[in-house]
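Data from coords_32.txt: compact mmCIF, C-alpha atoms (C1' of nucleotides)
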```txt
# COMPACT_ATOMS: atom_id res chain seq x y z
CA MET T 1 0.00 0.00 0.00
CA ASN T 2 2.44 2.63 1.16
CA ASP T 3 5.25 1.96 -1.16
CA LEU T 4 5.89 5.26 -2.84
CA PRO T 5 9.69 5.22 -3.19
CA THR T 6 10.64 8.86 -3.09
CA ALA T 7 8.64 9.80 -6.09
CA PRO T 8 10.70 12.14 -8.20
CA THR T 9 8.89 15.43 -8.36
CA SER T 10 9.74 15.76 -11.99
CA ARG T 11 7.12 13.16 -12.67
CA ARG T 12 4.43 15.64 -13.46
CA LYS T 13 6.69 17.84 -15.47
CA ARG T 14 5.92 18.10 -19.09
CA LYS T 15 8.15 19.76 -21.55
CA ALA T 16 5.50 20.21 -24.17
CA GLU T 17 4.80 23.67 -22.84
CA ALA T 18 6.51 25.18 -25.75
CA ARG T 19 4.15 24.72 -28.59
CA CYS T 20 1.85 22.16 -29.96
CA CYS T 21 -0.08 23.86 -32.64
CA PRO T 22 1.59 26.04 -35.22
CA PRO T 23 0.13 29.49 -35.73
CA SER T 24 -2.20 28.53 -38.53
CA GLU T 25 -2.91 32.10 -39.43
CA VAL T 26 -5.53 31.54 -42.03
CA ALA T 27 -7.66 34.30 -43.35
CA PRO T 28 -11.31 33.93 -42.42
CA VAL T 29 -12.72 32.63 -45.63
CA VAL T 30 -16.35 33.59 -45.44
CA PRO T 31 -18.38 31.45 -47.82
CA ARG T 32 -19.99 33.33 -50.63
CA ASP T 33 -22.96 31.06 -50.85
CA ARG T 34 -25.71 32.16 -48.52
CA ALA T 35 -26.84 28.71 -47.54
CA GLU T 36 -23.32 27.55 -46.98
CA ALA T 37 -22.54 30.53 -44.80
CA ASP T 38 -25.66 29.79 -42.78
CA ALA T 39 -24.63 26.19 -42.35
CA ARG T 40 -21.11 27.15 -41.37
CA LEU T 41 -22.25 29.66 -38.80
CA ALA T 42 -24.84 27.25 -37.48
CA ALA T 43 -22.25 24.53 -37.04
CA LEU T 44 -19.87 26.85 -35.24
CA ALA T 45 -22.62 28.25 -33.05
CA LYS T 46 -23.88 24.82 -32.23
CA ALA T 47 -20.43 23.83 -31.08
CA LEU T 48 -20.53 26.78 -28.68
CA GLY T 49 -24.05 26.00 -27.60
CA HIS T 50 -23.07 24.46 -24.31
CA PRO T 51 -21.55 26.14 -21.25
CA ALA T 52 -18.90 23.48 -20.87
CA ARG T 53 -17.69 23.97 -24.42
CA VAL T 54 -17.65 27.72 -24.00
CA ALA T 55 -15.58 27.21 -20.88
CA ILE T 56 -13.19 24.98 -22.78
CA VAL T 57 -12.76 27.52 -25.53
CA ARG T 58 -12.20 30.28 -23.00
CA LEU T 59 -9.66 28.14 -21.20
CA LEU T 60 -7.74 27.50 -24.38
CA ALA T 61 -7.90 31.14 -25.30
CA ARG T 62 -6.68 32.33 -21.91
CA ARG T 63 -3.60 30.17 -21.79
CA GLU T 64 -1.01 30.96 -24.33
CA THR T 65 0.24 27.44 -24.20
CA CYS T 66 -2.08 24.71 -25.18
CA VAL T 67 -3.26 22.70 -22.28
CA CYS T 68 -3.84 19.03 -22.54
CA GLY T 69 -6.36 17.11 -20.56
CA GLU T 70 -5.96 19.43 -17.62
CA ILE T 71 -9.25 20.65 -18.92
CA VAL T 72 -10.80 17.74 -17.12
CA ASP T 73 -9.50 19.11 -13.84
CA GLU T 74 -11.13 22.44 -14.49
CA LEU T 75 -14.59 21.15 -15.26
CA PRO T 76 -17.01 19.36 -12.99
CA LEU T 77 -17.50 16.60 -15.52
CA ALA T 78 -16.28 13.10 -16.05
CA GLN T 79 -13.28 12.56 -18.25
CA SER T 80 -15.29 10.80 -20.90
CA THR T 81 -17.78 13.63 -21.04
CA VAL T 82 -15.05 16.21 -21.47
CA SER T 83 -13.52 14.09 -24.17
CA GLN T 84 -16.78 14.09 -26.06
CA HIS T 85 -17.10 17.84 -25.76
CA LEU T 86 -13.59 18.14 -27.11
CA ALA T 87 -14.50 15.85 -29.98
CA GLN T 88 -17.46 18.03 -30.82
CA LEU T 89 -15.36 21.16 -30.80
CA LYS T 90 -12.83 19.41 -32.98
CA ARG T 91 -15.49 18.26 -35.40
CA ALA T 92 -16.63 21.84 -35.77
CA GLY T 93 -13.05 22.86 -36.46
CA LEU T 94 -12.84 25.20 -33.50
CA ILE T 95 -9.98 23.36 -31.86
CA ARG T 96 -7.24 21.03 -32.93
CA GLY T 97 -5.53 18.26 -31.09
CA GLU T 98 -1.98 17.15 -31.42
CA VAL T 99 -0.70 13.92 -29.97
CA ASP T 100 2.25 14.53 -27.72
CA GLY T 101 3.40 11.31 -26.22
CA PRO T 102 0.67 9.80 -24.10
CA ARG T 103 -1.20 13.07 -23.91
CA VAL T 104 -3.07 15.12 -26.43
CA CYS T 105 -2.47 18.80 -26.69
CA TYR T 106 -5.46 20.89 -27.62
CA CYS T 107 -5.47 24.40 -28.84
CA LEU T 108 -7.74 26.85 -30.49
CA ASP T 109 -7.90 27.05 -34.24
CA GLU T 110 -7.45 30.75 -34.71
CA GLY T 111 -8.75 30.61 -38.24
CA ALA T 112 -12.04 29.09 -37.17
CA VAL T 113 -12.40 31.57 -34.35
CA ALA T 114 -11.75 34.41 -36.74
CA LEU T 115 -14.31 33.00 -39.13
CA LEU T 116 -16.85 32.75 -36.34
CA LYS T 117 -16.23 36.33 -35.34
CA ALA T 118 -16.55 37.48 -38.91
CA LEU T 119 -19.78 35.59 -39.44
CA VAL T 120 -21.32 36.87 -36.24
CA GLU T 121 -20.17 40.37 -36.97
CA GLY T 122 -21.80 40.13 -40.36
CA LEU T 123 -25.21 39.48 -38.90
CA MET O 1 -52.21 19.53 -62.71
CA ASN O 2 -52.71 23.02 -63.97
CA ASP O 3 -55.50 25.00 -62.48
CA LEU O 4 -56.12 28.28 -60.79
CA PRO O 5 -56.63 30.56 -63.74
CA THR O 6 -56.95 33.44 -61.36
CA ALA O 7 -53.73 34.83 -60.12
CA PRO O 8 -52.39 33.12 -57.04
CA THR O 9 -50.21 36.09 -56.43
CA SER O 10 -52.90 38.23 -54.92
CA ARG O 11 -52.96 36.45 -51.69
CA ARG O 12 -50.85 38.93 -49.88
CA LYS O 13 -51.71 42.53 -49.57
CA ARG O 14 -50.36 43.56 -46.28
CA LYS O 15 -49.67 47.10 -45.36
CA ALA O 16 -48.22 46.69 -41.92
CA GLU O 17 -44.84 47.57 -43.27
CA ALA O 18 -44.46 50.36 -40.86
CA ARG O 19 -42.48 48.90 -38.03
CA CYS O 20 -43.28 46.94 -35.05
CA CYS O 21 -40.42 47.01 -32.68
CA PRO O 22 -39.11 50.20 -31.17
CA PRO O 23 -35.39 50.79 -31.30
CA SER O 24 -34.61 49.07 -28.02
CA GLU O 25 -31.17 50.53 -27.78
CA VAL O 26 -29.85 48.58 -24.89
CA ALA O 27 -26.23 48.52 -23.98
CA PRO O 28 -24.68 45.08 -24.30
CA VAL O 29 -24.41 44.22 -20.65
CA VAL O 30 -21.74 41.58 -20.55
CA PRO O 31 -22.03 39.58 -17.35
CA ARG O 32 -19.09 39.90 -15.01
CA ASP O 33 -19.43 36.43 -13.65
CA ARG O 34 -17.50 33.93 -15.69
CA ALA O 35 -19.98 31.11 -15.42
CA GLU O 36 -22.88 33.39 -16.18
CA ALA O 37 -21.18 34.78 -19.24
CA ASP O 38 -20.53 31.26 -20.41
CA ALA O 39 -24.15 30.33 -19.92
CA ARG O 40 -25.34 33.45 -21.70
CA LEU O 41 -23.09 32.93 -24.67
CA ALA O 42 -23.99 29.26 -24.79
CA ALA O 43 -27.69 30.05 -24.83
CA LEU O 44 -27.30 32.60 -27.61
CA ALA O 45 -25.05 30.33 -29.62
CA LYS O 46 -27.41 27.44 -29.17
CA ALA O 47 -30.22 29.53 -30.56
CA LEU O 48 -28.10 30.14 -33.64
CA GLY O 49 -27.07 26.53 -33.84
CA HIS O 50 -29.39 25.64 -36.69
CA PRO O 51 -29.23 26.78 -40.30
CA ALA O 52 -32.91 27.65 -40.39
CA ARG O 53 -32.58 29.95 -37.42
CA VAL O 54 -29.51 31.59 -38.87
CA ALA O 55 -31.49 32.17 -42.03
CA ILE O 56 -34.33 33.69 -40.03
CA VAL O 57 -31.99 36.04 -38.21
CA ARG O 58 -30.37 37.06 -41.47
CA LEU O 59 -33.77 37.63 -43.02
CA LEU O 60 -34.85 39.82 -40.14
CA ALA O 61 -31.59 41.71 -40.24
CA ARG O 62 -31.88 42.40 -43.93
CA ARG O 63 -35.44 43.64 -43.74
CA GLU O 64 -36.46 46.08 -41.14
CA THR O 65 -39.37 43.96 -40.15
CA CYS O 66 -40.95 40.72 -41.14
CA VAL O 67 -43.96 38.60 -40.54
CA CYS O 68 -44.05 34.94 -39.82
CA GLY O 69 -45.81 34.13 -43.05
CA GLU O 70 -43.09 35.64 -45.17
CA ILE O 71 -40.50 33.71 -43.27
CA VAL O 72 -42.38 30.52 -43.96
CA ASP O 73 -42.31 31.30 -47.67
CA GLU O 74 -38.56 31.68 -47.60
CA LEU O 75 -37.79 28.44 -45.86
CA PRO O 76 -38.34 24.88 -47.01
CA LEU O 77 -40.09 24.00 -43.78
CA ALA O 78 -43.63 23.60 -42.57
CA GLN O 79 -45.34 26.52 -40.90
CA SER O 80 -45.42 24.81 -37.53
CA THR O 81 -41.72 24.09 -37.68
CA VAL O 82 -40.91 27.69 -38.50
CA SER O 83 -43.10 28.80 -35.64
CA GLN O 84 -41.13 26.63 -33.27
CA HIS O 85 -37.84 28.01 -34.51
CA LEU O 86 -39.19 31.49 -33.97
CA ALA O 87 -40.24 30.52 -30.47
CA GLN O 88 -36.75 29.29 -29.75
CA LEU O 89 -35.19 32.48 -31.00
CA LYS O 90 -37.64 34.43 -28.90
CA ARG O 91 -36.86 32.37 -25.83
CA ALA O 92 -33.19 33.16 -26.27
CA GLY O 93 -34.07 36.84 -26.55
CA LEU O 94 -32.67 37.23 -30.02
CA ILE O 95 -35.95 38.30 -31.57
CA ARG O 96 -39.17 39.84 -30.41
CA GLY O 97 -42.66 39.45 -31.70
CA GLU O 98 -45.36 42.04 -31.69
CA VAL O 99 -48.94 41.22 -32.48
CA ASP O 100 -50.15 43.34 -35.35
CA GLY O 101 -53.69 42.49 -36.13
CA PRO O 102 -54.03 38.90 -37.17
CA ARG O 103 -50.33 38.59 -37.88
CA VAL O 104 -47.26 38.70 -35.72
CA CYS O 105 -44.44 40.99 -36.60
CA TYR O 106 -41.03 39.66 -35.73
CA CYS O 107 -37.90 41.68 -35.52
CA LEU O 108 -34.40 41.38 -34.20
CA ASP O 109 -33.56 42.42 -30.70
CA GLU O 110 -30.61 44.66 -31.34
CA GLY O 111 -29.49 44.50 -27.76
CA ALA O 112 -29.22 40.74 -27.78
CA VAL O 113 -27.40 40.78 -31.11
CA ALA O 114 -24.98 43.32 -29.74
CA LEU O 115 -24.43 41.21 -26.67
CA LEU O 116 -23.77 38.17 -28.80
CA LYS O 117 -21.26 40.06 -30.88
CA ALA O 118 -19.54 41.36 -27.76
CA LEU O 119 -19.36 37.92 -26.20
CA VAL O 120 -18.02 36.31 -29.33
CA GLU O 121 -15.54 39.12 -29.82
CA GLY O 122 -14.36 38.60 -26.29
CA LEU O 123 -13.35 35.04 -26.94
C1' DC Y 1 -72.03 36.26 -35.35
C1' DC Y 2 -69.43 33.93 -38.92
C1' DG Y 3 -66.07 32.80 -42.13
C1' DA Y 4 -61.22 33.81 -43.77
C1' DG Y 5 -56.60 34.31 -42.81
C1' DT Y 6 -52.60 33.93 -39.69
C1' DT Y 7 -49.99 32.02 -35.98
C1' DA Y 8 -49.44 29.02 -31.81
C1' DT Y 9 -49.90 24.67 -29.78
C1' DC Y 10 -50.63 19.61 -29.47
C1' DG Y 11 -49.45 14.90 -30.42
C1' DT Y 12 -46.06 11.96 -32.19
C1' DA Y 13 -42.06 9.74 -34.36
C1' DT Y 14 -37.22 9.98 -35.14
C1' DT Y 15 -32.87 11.56 -34.10
C1' DT Y 16 -29.44 13.80 -31.43
C1' DC Y 17 -27.52 15.43 -27.00
C1' DG Y 18 -25.47 15.01 -22.44
C1' DC Y 19 -23.84 12.27 -18.99
C1' DC Y 20 -21.65 8.40 -16.90
C1' DG Y 21 -18.86 4.05 -15.87
C1' DA Y 22 -16.24 0.68 -18.07
C1' DT Y 23 -13.17 -0.80 -21.48
C1' DG Y 24 -9.67 -0.31 -25.11
C1' DA Y 25 -5.64 1.74 -27.37
C1' DA Y 26 -1.29 4.26 -27.33
C1' DC Y 27 2.80 5.79 -25.18
C1' DG Y 28 6.81 6.38 -21.69
C1' DA Y 29 9.18 4.53 -18.16
C1' DT Y 30 10.80 0.76 -15.49
C1' DA S 1 7.71 -7.22 -21.65
C1' DT S 2 5.02 -5.15 -18.27
C1' DC S 3 3.04 -1.46 -15.79
C1' DG S 4 0.99 3.12 -15.10
C1' DT S 5 -0.76 7.14 -17.22
C1' DT S 6 -3.59 9.40 -20.52
C1' DC S 7 -7.13 9.78 -23.69
C1' DA S 8 -10.79 7.86 -26.93
C1' DT S 9 -14.53 4.94 -27.59
C1' DC S 10 -18.50 1.86 -26.37
C1' DG S 11 -22.98 0.83 -24.32
C1' DG S 12 -26.77 2.63 -22.02
C1' DC S 13 -29.97 5.81 -20.16
C1' DG S 14 -33.03 9.91 -19.83
C1' DA S 15 -33.87 14.32 -21.80
C1' DA S 16 -34.11 17.41 -25.48
C1' DA S 17 -34.22 18.75 -30.36
C1' DT S 18 -36.31 18.43 -34.95
C1' DA S 19 -39.81 17.63 -38.05
C1' DC S 20 -44.60 17.14 -39.59
C1' DG S 21 -49.82 17.24 -39.82
C1' DA S 22 -53.81 18.41 -37.36
C1' DT S 23 -56.12 21.47 -34.51
C1' DA S 24 -56.99 25.37 -31.53
C1' DA S 25 -56.80 30.44 -30.76
C1' DC S 26 -56.96 34.89 -32.34
C1' DT S 27 -58.22 39.02 -35.17
C1' DC S 28 -60.46 41.42 -38.84
C1' DG S 29 -64.03 42.19 -42.45
C1' DG S 30 -68.61 41.41 -43.80
```
Target format structure tokens, applied to this file:
Amino acid sequence: MNDLPTAPTSRRKRKAEARCCPPSEVAPVVPRDRAEADARLAALAKALGHPARVAIVRLLARRETCVCGEIVDELPLAQSTVSQHLAQLKRAGLIRGEVDGPRVCYCLDEGAVALLKALVEGL
Amino acid sequence: MNDLPTAPTSRRKRKAEARCCPPSEVAPVVPRDRAEADARLAALAKALGHPARVAIVRLLARRETCVCGEIVDELPLAQSTVSQHLAQLKRAGLIRGEVDGPRVCYCLDEGAVALLKALVEGL
DNA sequence: CCGAGTTATCGTATTTCGCCGATGAACGAT
DNA sequence: ATCGTTCATCGGCGAAATACGATAACTCGG
């Protein structure tokens, strides 16, 4: 039971603080087609249509560095639930995930966020 | 089959073009509380999370004012379905409806739209 | 008052969402 | 090779969303 042999404190250290997702500075390509623009905005809005997902996006936006599954620690939800929220955000293109060893590093897709802002602004 | 020799175009002769909704210039009060802001943005985004509702909002933004019947004509959906989408938008505060005789005049709530834009911009 | 026209609501079927615990897959370290 | 950590996926459940037709409610003109 109590075996912990002087656990090295560097256990929790991760060096992936540097970067996970390249800039990806893509211009917000607003679709010309009306119906397509509606569908795009609807998909992005739907992805944000849950407080937990808004919180995730805010969390990723606040930290410069992309956090991994520490998101689970910040939300009062089970790990599997958070994972599904992340999958939904990823499906909508709002975030991207990069495998970094055993973890996955998530970060905002700035292009998608810019597109969302442009579409909302154009209402 | 072909029928209706008389013009089917004379079915609409409204004159309630005036306007229905007063300005409603409300400042976009962004909630200070983090969780509340998340919930507010999520609710607004959820209301926009369907192409038909985006189309409705765009339609109302383009025209000064609209009536439910015209919206039904623009969308490939049944009247009851459109009415439910309108109810959802109204519940989220994005639009307002004012009874004008036998019809209902819907219009955007500029305050809510401004709040949405502010919340999205603040991502 | 009674039709005609317009919108809201009801009832219902199908699909999707949101949540969880449990299990599986991938990786680093031992 | 095995273990521990991390994350995704599966199965299941209840709730909500989406769609439609049918029907009620409401207002105006005759």
Considering all atoms listed in the file, tabulate each residue of chain T that lies at most 10 Å from chain O along with its nearest interatomic pair and the corresponding distance in Å to one decimal; arrange the rows by chain and ascending residue number and present them as JSON lines.
```
{"residue": "T:Arg34", "atom": "CA", "partner": "O:Ala55", "partner_atom": "CA", "distance": 8.7}
{"residue": "T:Ala35", "atom": "CA", "partner": "O:Pro51", "partner_atom": "CA", "distance": 7.9}
{"residue": "T:Glu36", "atom": "CA", "partner": "O:Pro51", "partner_atom": "CA", "distance": 9.0}
{"residue": "T:Ala37", "atom": "CA", "partner": "O:Pro51", "partner_atom": "CA", "distance": 8.9}
{"residue": "T:Asp38", "atom": "CA", "partner": "O:Pro51", "partner_atom": "CA", "distance": 5.3}
{"residue": "T:Ala39", "atom": "CA", "partner": "O:Pro51", "partner_atom": "CA", "distance": 5.1}
{"residue": "T:Arg40", "atom": "CA", "partner": "O:Pro51", "partner_atom": "CA", "distance": 8.2}
{"residue": "T:Leu41", "atom": "CA", "partner": "O:Val54", "partner_atom": "CA", "distance": 7.5}
{"residue": "T:Ala42", "atom": "CA", "partner": "O:Gly49", "partner_atom": "CA", "distance": 4.3}
{"residue": "T:Ala43", "atom": "CA", "partner": "O:Gly49", "partner_atom": "CA", "distance": 6.1}
{"residue": "T:Leu44", "atom": "CA", "partner": "O:Gly49", "partner_atom": "CA", "distance": 7.3}
{"residue": "T:Ala45", "atom": "CA", "partner": "O:Ala45", "partner_atom": "CA", "distance": 4.7}
{"residue": "T:Lys46", "atom": "CA", "partner": "O:Gly49", "partner_atom": "CA", "distance": 4.0}
{"residue": "T:Ala47", "atom": "CA", "partner": "O:Gly49", "partner_atom": "CA", "distance": 7.7}
{"residue": "T:Leu48", "atom": "CA", "partner": "O:Ala42", "partner_atom": "CA", "distance": 5.8}
{"residue": "T:Gly49", "atom": "CA", "partner": "O:Lys46", "partner_atom": "CA", "distance": 4.0}
{"residue": "T:His50", "atom": "CA", "partner": "O:Ala42", "partner_atom": "CA", "distance": 4.9}
{"residue": "T:Pro51", "atom": "CA", "partner": "O:Ala39", "partner_atom": "CA", "distance": 5.1}
{"residue": "T:Ala52", "atom": "CA", "partner": "O:Asp38", "partner_atom": "CA", "distance": 8.0}
{"residue": "T:Arg53", "atom": "CA", "partner": "O:Ala42", "partner_atom": "CA", "distance": 8.2}
{"residue": "T:Val54", "atom": "CA", "partner": "O:Asp38", "partner_atom": "CA", "distance": 5.8}
{"residue": "T:Ala55", "atom": "CA", "partner": "O:Asp38", "partner_atom": "CA", "distance": 6.4}
{"residue": "T:Ile56", "atom": "CA", "partner": "O:Asp38", "partner_atom": "CA", "distance": 9.9}
{"residue": "T:Val57", "atom": "CA", "partner": "O:Leu123", "partner_atom": "CA", "distance": 7.7}
{"residue": "T:Arg58", "atom": "CA", "partner": "O:Leu123", "partner_atom": "CA", "distance": 6.3}
{"residue": "T:Leu59", "atom": "CA", "partner": "O:Leu123", "partner_atom": "CA", "distance": 9.7}
{"residue": "T:Leu60", "atom": "CA", "partner": "O:Leu123", "partner_atom": "CA", "distance": 9.7}
{"residue": "T:Ala61", "atom": "CA", "partner": "O:Leu123", "partner_atom": "CA", "distance": 6.9}
{"residue": "T:Arg62", "atom": "CA", "partner": "O:Leu123", "partner_atom": "CA", "distance": 8.8}
{"residue": "T:Val113", "atom": "CA", "partner": "O:Leu123", "partner_atom": "CA", "distance": 8.2}
{"residue": "T:Ala114", "atom": "CA", "partner": "O:Glu121", "partner_atom": "CA", "distance": 9.2}
{"residue": "T:Leu116", "atom": "CA", "partner": "O:Val120", "partner_atom": "CA", "distance": 7.9}
{"residue": "T:Lys117", "atom": "CA", "partner": "O:Glu121", "partner_atom": "CA", "distance": 6.2}
{"residue": "T:Ala118", "atom": "CA", "partner": "O:Glu121", "partner_atom": "CA", "distance": 9.3}
{"residue": "T:Leu119", "atom": "CA", "partner": "O:Lys117", "partner_atom": "CA", "distance": 9.8}
{"residue": "T:Val120", "atom": "CA", "partner": "O:Lys117", "partner_atom": "CA", "distance": 6.2}
{"residue": "T:Glu121", "atom": "CA", "partner": "O:Lys117", "partner_atom": "CA", "distance": 6.2}
{"residue": "T:Gly122", "atom": "CA", "partner": "O:Arg58", "partner_atom": "CA", "distance": 9.2}
{"residue": "T:Leu123", "atom": "CA", "partner": "O:Arg58", "partner_atom": "CA", "distance": 6.3}
```
Restricted to C-alpha atoms, what would the selected residues look like written as a compact mmCIF listing (two decimals), in the frame of the given file?
```txt
# COMPACT_ATOMS: atom_id res chain seq x y z
CA ARG T 34 -25.71 32.16 -48.52
CA ALA T 35 -26.84 28.71 -47.54
CA GLU T 36 -23.32 27.55 -46.98
CA ALA T 37 -22.54 30.53 -44.80
CA ASP T 38 -25.66 29.79 -42.78
CA ALA T 39 -24.63 26.19 -42.35
CA ARG T 40 -21.11 27.15 -41.37
CA LEU T 41 -22.25 29.66 -38.80
CA ALA T 42 -24.84 27.25 -37.48
CA ALA T 43 -22.25 24.53 -37.04
CA LEU T 44 -19.87 26.85 -35.24
CA ALA T 45 -22.62 28.25 -33.05
CA LYS T 46 -23.88 24.82 -32.23
CA ALA T 47 -20.43 23.83 -31.08
CA LEU T 48 -20.53 26.78 -28.68
CA GLY T 49 -24.05 26.00 -27.60
CA HIS T 50 -23.07 24.46 -24.31
CA PRO T 51 -21.55 26.14 -21.25
CA ALA T 52 -18.90 23.48 -20.87
CA ARG T 53 -17.69 23.97 -24.42
CA VAL T 54 -17.65 27.72 -24.00
CA ALA T 55 -15.58 27.21 -20.88
CA ILE T 56 -13.19 24.98 -22.78
CA VAL T 57 -12.76 27.52 -25.53
CA ARG T 58 -12.20 30.28 -23.00
CA LEU T 59 -9.66 28.14 -21.20
CA LEU T 60 -7.74 27.50 -24.38
CA ALA T 61 -7.90 31.14 -25.30
CA ARG T 62 -6.68 32.33 -21.91
CA VAL T 113 -12.40 31.57 -34.35
CA ALA T 114 -11.75 34.41 -36.74
CA LEU T 116 -16.85 32.75 -36.34
CA LYS T 117 -16.23 36.33 -35.34
CA ALA T 118 -16.55 37.48 -38.91
CA LEU T 119 -19.78 35.59 -39.44
CA VAL T 120 -21.32 36.87 -36.24
CA GLU T 121 -20.17 40.37 -36.97
CA GLY T 122 -21.80 40.13 -40.36
CA LEU T 123 -25.21 39.48 -38.90
```
* chain Y contacts on chain O, all atoms listed in the file, 12 Å, as a PyMOL selection string -> chain O and resi 11-14+67-70+72+79-87+97-106
* Compute the set of chain S residues within 8 Å of chain T, using all atoms listed in the file, and express it as number ranges by chain. => S: 5-8
Give me a file of those residues, with C-alpha atoms (C1' of nucleotides), as a PDB file, in the frame of the given file.
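Output (result-v4.pdb):
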```
ATOM      1  C1'  DT S   5      -0.760   7.140 -17.220  1.00  0.00           C
ATOM      2  C1'  DT S   6      -3.590   9.400 -20.520  1.00  0.00           C
ATOM      3  C1'  DC S   7      -7.130   9.780 -23.690  1.00  0.00           C
ATOM      4  C1'  DA S   8     -10.790   7.860 -26.930  1.00  0.00           C
TER       5       DA S   8
END
```
* Rounded to one decimal place, report the atom CA of O:Thr65-atom CA of O:Leu108 distance in Å. => 8.2 Å
What are the centre and edge lengths in Å, to one decimal, of the axis-aligned box around all listed atoms of stretch 13-29 of chain S with 6 Å added on each side, as lines of an AutoDock Vina configuration file?
```
center_x = -47.0
center_y = 24.0
center_z = -31.1
size_x = 46.1
size_y = 48.4
size_z = 34.6
```
* Distance atom CA of O:Val30-atom CA of O:Gly111, one decimal place? -> 11.0 Å
* Take atom C1' of S:DA19 and atom CA of O:Leu75 and report the distance between them in Å, one decimal. => 13.5 Å
* To do: Compile the contact shell of T:Ala112 as a ChimeraX atom specification: residues with an atom at most 9 Å away, counting all atoms listed in the file, same-chain residues fewer than 5 positions apart removed.
  => /T:26,28,44,92-95,117
C-alpha atoms of the current selection, written as a short mmCIF file (atom, residue, chain, number, x, y, z; two decimals), in the frame of the given file:
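Generated file (out04.cif):
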```
data_model
loop_
_atom_site.label_atom_id
_atom_site.label_comp_id
_atom_site.auth_asym_id
_atom_site.auth_seq_id
_atom_site.Cartn_x
_atom_site.Cartn_y
_atom_site.Cartn_z
CA VAL T 26 -5.53 31.54 -42.03
CA PRO T 28 -11.31 33.93 -42.42
CA LEU T 44 -19.87 26.85 -35.24
CA ALA T 92 -16.63 21.84 -35.77
CA GLY T 93 -13.05 22.86 -36.46
CA LEU T 94 -12.84 25.20 -33.50
CA ILE T 95 -9.98 23.36 -31.86
CA LYS T 117 -16.23 36.33 -35.34
#
```
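Distance check against O:Val29 using all atoms listed in the file: of O:Leu115, O:Leu89, O:Arg63, O:Ile71, the minimum falls on O:Leu115.
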